[in-house]
Amino acid sequence: MIILGIETSCDETGISLVTADKNSLHVLSNVVASSMELHSKTGGIIPEIAAREQIKYILPVLDEALKDAEVSKDKIDAIAVTVGPGLIGSLLVGVETARTLAYVWDKPLIPVNHLFGHIYANFLEEEANYSSSKQSESRSLNGDSSRLRSNNIEFPAIALIVSGGHTDLVFMENENSVKWIAGTRDDAAGEAYDKIGRLLGLSYPAGPLIEQLAKKGTPNDFHFPRPLLHEDTLDFSFSGLKTAVLREVQRHSDKLGASASKISSENPKEHRDFGVANAPQNDELFEDKLIADLARATQDAIIDVLVEKTMRATLTRNAKSVLLCGGVAANQTLRDHFLTACEKYNINFFVPSRRLCTDNGAMIAAAGYFTPERIGWKEITANPELYFD
Ligand code: KG4
Ligand code: ZN
């Protein structure tokens with residue numbers, strides 16, 4: 001069957017066509033437009049602007065996705081659309097577009113939870129990219145470790161969703177069963193990256209910039225807390241980390257002032273983009289040792305906690321696979337740490353290609369395939385507060 005996937009929960013407008021059967025989920029096209037550049041100027045997402053940009057992009061993105069896939073509308077079996085969680089204005093653009101298409105084309109609708117979309121991105125294959133690489137080869141794949149076919153995922157599995165809005169651990173008894181285990185008590189991991197980036201003078205989204213800066217930082221020049229790491233809970237907490245970084249930034253304000261404010265997005269992103277921001281082109285902006293050390297210590301703390309808690313969940317539940325997903329999963333250092341930890345315990349590790357980690361329509365089509373619900377155009381509604389059952 002062929003599923004059209006629509007994702008508009010935040011600042012990305014993603015539409016994709018995926019062909020699905022019980023052995024594979026194959027991406028035929030995957031077009032993403034982003035309004036991230038506008039938000040980088042304001043240091044965060046302004047919901048009204050995100051929604052307005054969604055309206056601007058949705059039809060051109062749809063046209064391009066259909067054209068890229070070379071699939072006519074008659075061949076589409078169902079339309080999957082993100083109904084939540086997310087920003088209401090942005091969600092409505094996708095939901096109303098899906099509703100209209102379902103009515104005009106006479107297709108069933110599949111309401112999809114955005115968080116399930118991130119998880120099922122792990123089940124997607126992309127053309128000529130990283131199908132069925134062995135784990136041992138994965139390091140050489142330039143960031144795209146462990147692309148195995150979906151039917152190679154062994155269950156039970158633990159999935160860690162790390163995005164701008166969420167940090168959740170879920171247990172999957174099989175490919176159709178998703179049970180929430182634990183989550184963040186305050187900030188999400190991506191939110192921590194973005195908020196700490198702001199303290200360091202970085203533009204939004206700061207995750208990719210902190211990743212680049214951290215490579216130049218010296219380990220252990222700073223040491224930040226790993227909240228809840230040694231407590232008997234799988235929950236996460238990242239707001240204390242932000243406070244710890246703030247304290248160091250204040251302590252070094254005389255040295256940081258000038259350089260921190262220089263590092264803003266000198267590299268305006270293309271509107272048509274796959275959601276992973278590039279590092280600024282100008283290396284001079286990245287020469288500040290203090291910022292690099294703070295970025296390194298921040299990233300080390302986040303990665304330690306994410307890997308340790310996920311492995312704890314995996315081992316205590318005898319899971320055979322770990323599925324990493326969400327925008328933060330685009331982080332190569334995080335991917336490498338997970339691969340090392342999983343190899344140590346002989347656990348299978350899966351992570352989508354980097355462009356399938358950040359928001360996109362293909363992951364929504366994939367989750368749609370595993371969602372049993374099929375509804376009519378009158379029945380679909382957006383639910384910004386949607387979470388796990
Ligand atoms: O999943 P996503 O595209 O949107 C949400 O559903 O939230 O995730 C966006 C988040 C942002 O917080 C961004 O800073 C983070 O993912 N992110 C990264 C990287 N690329 C994106 N964080 C760390 N390292 C990266 N390379
Ligand atoms: Zn997301």
# chains A, B, ... in the order shown; residues from 1 in each chain; ligands from 1
$ residues_near_ligand --ligand "ligand 1" --cutoff "6 Å" --atoms "only C-alpha atoms and all ligand atoms" --output "PyMOL selection string"
chain A and resi 163-165+190-191+193-194+205-208+211+276+326-328+330-331+358-359
$ select_by_dssp --residues "region 184-226 of chain A" --states "alpha helix (DSSP H)" --output "ChimeraX atom specification"
/A:189-199,207-214
$ write_last_selection --atoms "N, CA, C and O atoms" --output "PDB file, in the first residue's frame"
ATOM      1  N   ALA A 189      15.342  16.996  26.219  1.00  0.00           N
ATOM      2  CA  ALA A 189      16.780  17.063  25.902  1.00  0.00           C
ATOM      3  C   ALA A 189      17.055  18.146  24.844  1.00  0.00           C
ATOM      4  O   ALA A 189      17.986  18.946  24.982  1.00  0.00           O
ATOM      5  N   GLY A 190      16.228  18.182  23.801  1.00  0.00           N
ATOM      6  CA  GLY A 190      16.428  19.188  22.746  1.00  0.00           C
ATOM      7  C   GLY A 190      16.227  20.593  23.279  1.00  0.00           C
ATOM      8  O   GLY A 190      16.931  21.539  22.906  1.00  0.00           O
ATOM      9  N   GLU A 191      15.266  20.718  24.182  1.00  0.00           N
ATOM     10  CA  GLU A 191      14.987  22.010  24.810  1.00  0.00           C
ATOM     11  C   GLU A 191      16.203  22.454  25.627  1.00  0.00           C
ATOM     12  O   GLU A 191      16.561  23.636  25.642  1.00  0.00           O
ATOM     13  N   ALA A 192      16.841  21.484  26.306  1.00  0.00           N
ATOM     14  CA  ALA A 192      18.048  21.799  27.087  1.00  0.00           C
ATOM     15  C   ALA A 192      19.145  22.304  26.141  1.00  0.00           C
ATOM     16  O   ALA A 192      19.793  23.333  26.407  1.00  0.00           O
ATOM     17  N   TYR A 193      19.354  21.599  25.042  1.00  0.00           N
ATOM     18  CA  TYR A 193      20.334  22.068  24.053  1.00  0.00           C
ATOM     19  C   TYR A 193      20.004  23.504  23.613  1.00  0.00           C
ATOM     20  O   TYR A 193      20.882  24.370  23.552  1.00  0.00           O
ATOM     21  N   ASP A 194      18.733  23.728  23.285  1.00  0.00           N
ATOM     22  CA  ASP A 194      18.347  25.041  22.742  1.00  0.00           C
ATOM     23  C   ASP A 194      18.460  26.153  23.789  1.00  0.00           C
ATOM     24  O   ASP A 194      18.952  27.246  23.503  1.00  0.00           O
ATOM     25  N   LYS A 195      18.025  25.847  25.025  1.00  0.00           N
ATOM     26  CA  LYS A 195      18.064  26.892  26.066  1.00  0.00           C
ATOM     27  C   LYS A 195      19.510  27.187  26.480  1.00  0.00           C
ATOM     28  O   LYS A 195      19.872  28.339  26.712  1.00  0.00           O
ATOM     29  N   ILE A 196      20.315  26.140  26.589  1.00  0.00           N
ATOM     30  CA  ILE A 196      21.713  26.350  26.973  1.00  0.00           C
ATOM     31  C   ILE A 196      22.433  27.069  25.826  1.00  0.00           C
ATOM     32  O   ILE A 196      23.244  27.963  26.049  1.00  0.00           O
ATOM     33  N   GLY A 197      22.086  26.699  24.610  1.00  0.00           N
ATOM     34  CA  GLY A 197      22.665  27.396  23.448  1.00  0.00           C
ATOM     35  C   GLY A 197      22.391  28.878  23.517  1.00  0.00           C
ATOM     36  O   GLY A 197      23.250  29.720  23.237  1.00  0.00           O
ATOM     37  N   ARG A 198      21.190  29.207  23.925  1.00  0.00           N
ATOM     38  CA  ARG A 198      20.815  30.618  24.033  1.00  0.00           C
ATOM     39  C   ARG A 198      21.688  31.333  25.069  1.00  0.00           C
ATOM     40  O   ARG A 198      22.121  32.465  24.863  1.00  0.00           O
ATOM     41  N   LEU A 199      21.941  30.629  26.188  1.00  0.00           N
ATOM     42  CA  LEU A 199      22.819  31.211  27.220  1.00  0.00           C
ATOM     43  C   LEU A 199      24.212  31.469  26.671  1.00  0.00           C
ATOM     44  O   LEU A 199      24.902  32.400  27.075  1.00  0.00           O
ATOM     45  N   GLY A 207      21.069  22.764  19.074  1.00  0.00           N
ATOM     46  CA  GLY A 207      21.599  21.404  19.153  1.00  0.00           C
ATOM     47  C   GLY A 207      22.758  21.140  18.194  1.00  0.00           C
ATOM     48  O   GLY A 207      23.854  20.741  18.622  1.00  0.00           O
ATOM     49  N   PRO A 208      22.560  21.376  16.902  1.00  0.00           N
ATOM     50  CA  PRO A 208      23.644  21.095  15.950  1.00  0.00           C
ATOM     51  C   PRO A 208      24.876  21.977  16.197  1.00  0.00           C
ATOM     52  O   PRO A 208      26.007  21.543  15.956  1.00  0.00           O
ATOM     53  N   LEU A 209      24.666  23.204  16.679  1.00  0.00           N
ATOM     54  CA  LEU A 209      25.804  24.106  16.935  1.00  0.00           C
ATOM     55  C   LEU A 209      26.589  23.634  18.155  1.00  0.00           C
ATOM     56  O   LEU A 209      27.825  23.632  18.157  1.00  0.00           O
ATOM     57  N   ILE A 210      25.888  23.221  19.201  1.00  0.00           N
ATOM     58  CA  ILE A 210      26.577  22.704  20.402  1.00  0.00           C
ATOM     59  C   ILE A 210      27.342  21.436  20.033  1.00  0.00           C
ATOM     60  O   ILE A 210      28.478  21.225  20.486  1.00  0.00           O
ATOM     61  N   GLU A 211      26.759  20.615  19.187  1.00  0.00           N
ATOM     62  CA  GLU A 211      27.452  19.398  18.758  1.00  0.00           C
ATOM     63  C   GLU A 211      28.789  19.754  18.087  1.00  0.00           C
ATOM     64  O   GLU A 211      29.823  19.153  18.389  1.00  0.00           O
ATOM     65  N   GLN A 212      28.777  20.751  17.200  1.00  0.00           N
ATOM     66  CA  GLN A 212      30.011  21.144  16.510  1.00  0.00           C
ATOM     67  C   GLN A 212      31.017  21.744  17.485  1.00  0.00           C
ATOM     68  O   GLN A 212      32.199  21.420  17.471  1.00  0.00           O
ATOM     69  N   LEU A 213      30.522  22.646  18.351  1.00  0.00           N
ATOM     70  CA  LEU A 213      31.412  23.299  19.322  1.00  0.00           C
ATOM     71  C   LEU A 213      32.036  22.292  20.286  1.00  0.00           C
ATOM     72  O   LEU A 213      33.219  22.395  20.633  1.00  0.00           O
ATOM     73  N   ALA A 214      31.237  21.312  20.696  1.00  0.00           N
ATOM     74  CA  ALA A 214      31.707  20.336  21.689  1.00  0.00           C
ATOM     75  C   ALA A 214      32.921  19.572  21.173  1.00  0.00           C
ATOM     76  O   ALA A 214      33.777  19.150  21.960  1.00  0.00           O
TER      77      ALA A 214
END
$ closest_residue --among "A:Ala292, A:Leu17, A:Val249, A:Ile46" --to "Glu126 (chain A)" --atoms "only C-alpha atoms"
A:Leu17
$ residues_around --residues "Ala51 (chain A)" --least-positions-apart "4" --cutoff "10 Å" --atoms "only C-alpha atoms" --output "ChimeraX atom specification"
/A:8-13,35,46-47,55-56,87-94
$ closest_residue --among "A:Ile347, A:Ala367, A:Ile79, A:Leu306" --to "Leu115 (chain A)" --atoms "only C-alpha atoms"
A:Ala367
$ atom_distance --atom1 "CA of Leu324 (chain A)" --atom2 "CA of Ala157 (chain A)"
10.5 Å
$ closest_residue --among "A:Val305, A:Leu339, A:Ile49, A:Ile119" --to "ligand 2" --atoms "only C-alpha atoms and all ligand atoms"
A:Ile119
$ closest_residue --among "A:Val31, A:Val322, A:Ala382, A:Ala121" --to "ligand 2" --atoms "only C-alpha atoms and all ligand atoms"
A:Ala121
$ residues_around --residues "Phe370 (chain A)" --least-positions-apart "3" --cutoff "8 Å" --atoms "only C-alpha atoms" --output "VMD selection string"
chain A and resid 175 to 176 366 to 367
$ write_last_selection --atoms "N, CA and C atoms" --output "mmCIF file, in the first residue's frame"
data_model
loop_
_atom_site.group_PDB
_atom_site.id
_atom_site.type_symbol
_atom_site.label_atom_id
_atom_site.label_comp_id
_atom_site.auth_asym_id
_atom_site.auth_seq_id
_atom_site.Cartn_x
_atom_site.Cartn_y
_atom_site.Cartn_z
ATOM 1 N N GLU A 175 6.058 -4.939 17.320
ATOM 2 C CA GLU A 175 6.053 -3.719 16.497
ATOM 3 C C GLU A 175 4.754 -2.920 16.611
ATOM 4 N N ASN A 176 3.712 -3.516 17.144
ATOM 5 C CA ASN A 176 2.438 -2.793 17.268
ATOM 6 C C ASN A 176 2.165 -2.267 18.667
ATOM 7 N N ALA A 366 4.993 6.173 8.128
ATOM 8 C CA ALA A 366 5.420 4.903 8.732
ATOM 9 C C ALA A 366 4.561 4.573 9.953
ATOM 10 N N ALA A 367 4.371 5.559 10.821
ATOM 11 C CA ALA A 367 3.532 5.322 12.008
ATOM 12 C C ALA A 367 2.096 5.039 11.577
#
$ closest_residue --among "A:Gln332, A:Thr218, A:Asn348, A:Thr100" --to "Ala295 (chain A)" --atoms "only C-alpha atoms"
A:Thr218
$ closest_residue --among "A:Lys107, A:Lys344, A:Lys216, A:Lys255" --to "Leu4 (chain A)" --atoms "only C-alpha atoms"
A:Lys107
$ residues_around --residues "Ala365 (chain A)" --least-positions-apart "4" --cutoff "6 Å" --atoms "only C-alpha atoms" --output "short mmCIF file (atom, residue, chain, number, x, y, z; two decimals) with C-alpha atoms, in the first residue's frame"
data_model
loop_
_atom_site.label_atom_id
_atom_site.label_comp_id
_atom_site.auth_asym_id
_atom_site.auth_seq_id
_atom_site.Cartn_x
_atom_site.Cartn_y
_atom_site.Cartn_z
CA ILE A 3 0.62 6.11 2.34
CA LEU A 4 0.87 9.89 2.08
CA GLY A 5 2.31 11.27 5.35
CA ALA A 80 -1.65 9.81 7.54
#
$ atom_distance --atom1 "CA of Val95 (chain A)" --atom2 "CA of Lys75 (chain A)"
20.9 Å
$ atom_distance --atom1 "CA of Val112 (chain A)" --atom2 "CA of Pro372 (chain A)"
10.3 Å
$ residues_around --residues "Ile181 (chain A)" --least-positions-apart "6" --cutoff "12 Å" --atoms "only C-alpha atoms" --output "list in words"
Ile158, Ala159, Leu160, Ile161, Thr167, Asp168, Leu169, Val170, Phe171, Met172, Thr233, Leu234, Asp235, Phe236, Lys309, Thr310, Arg312, Ala313, Thr314, Arg317, Phe388 and Asp389 of chain A
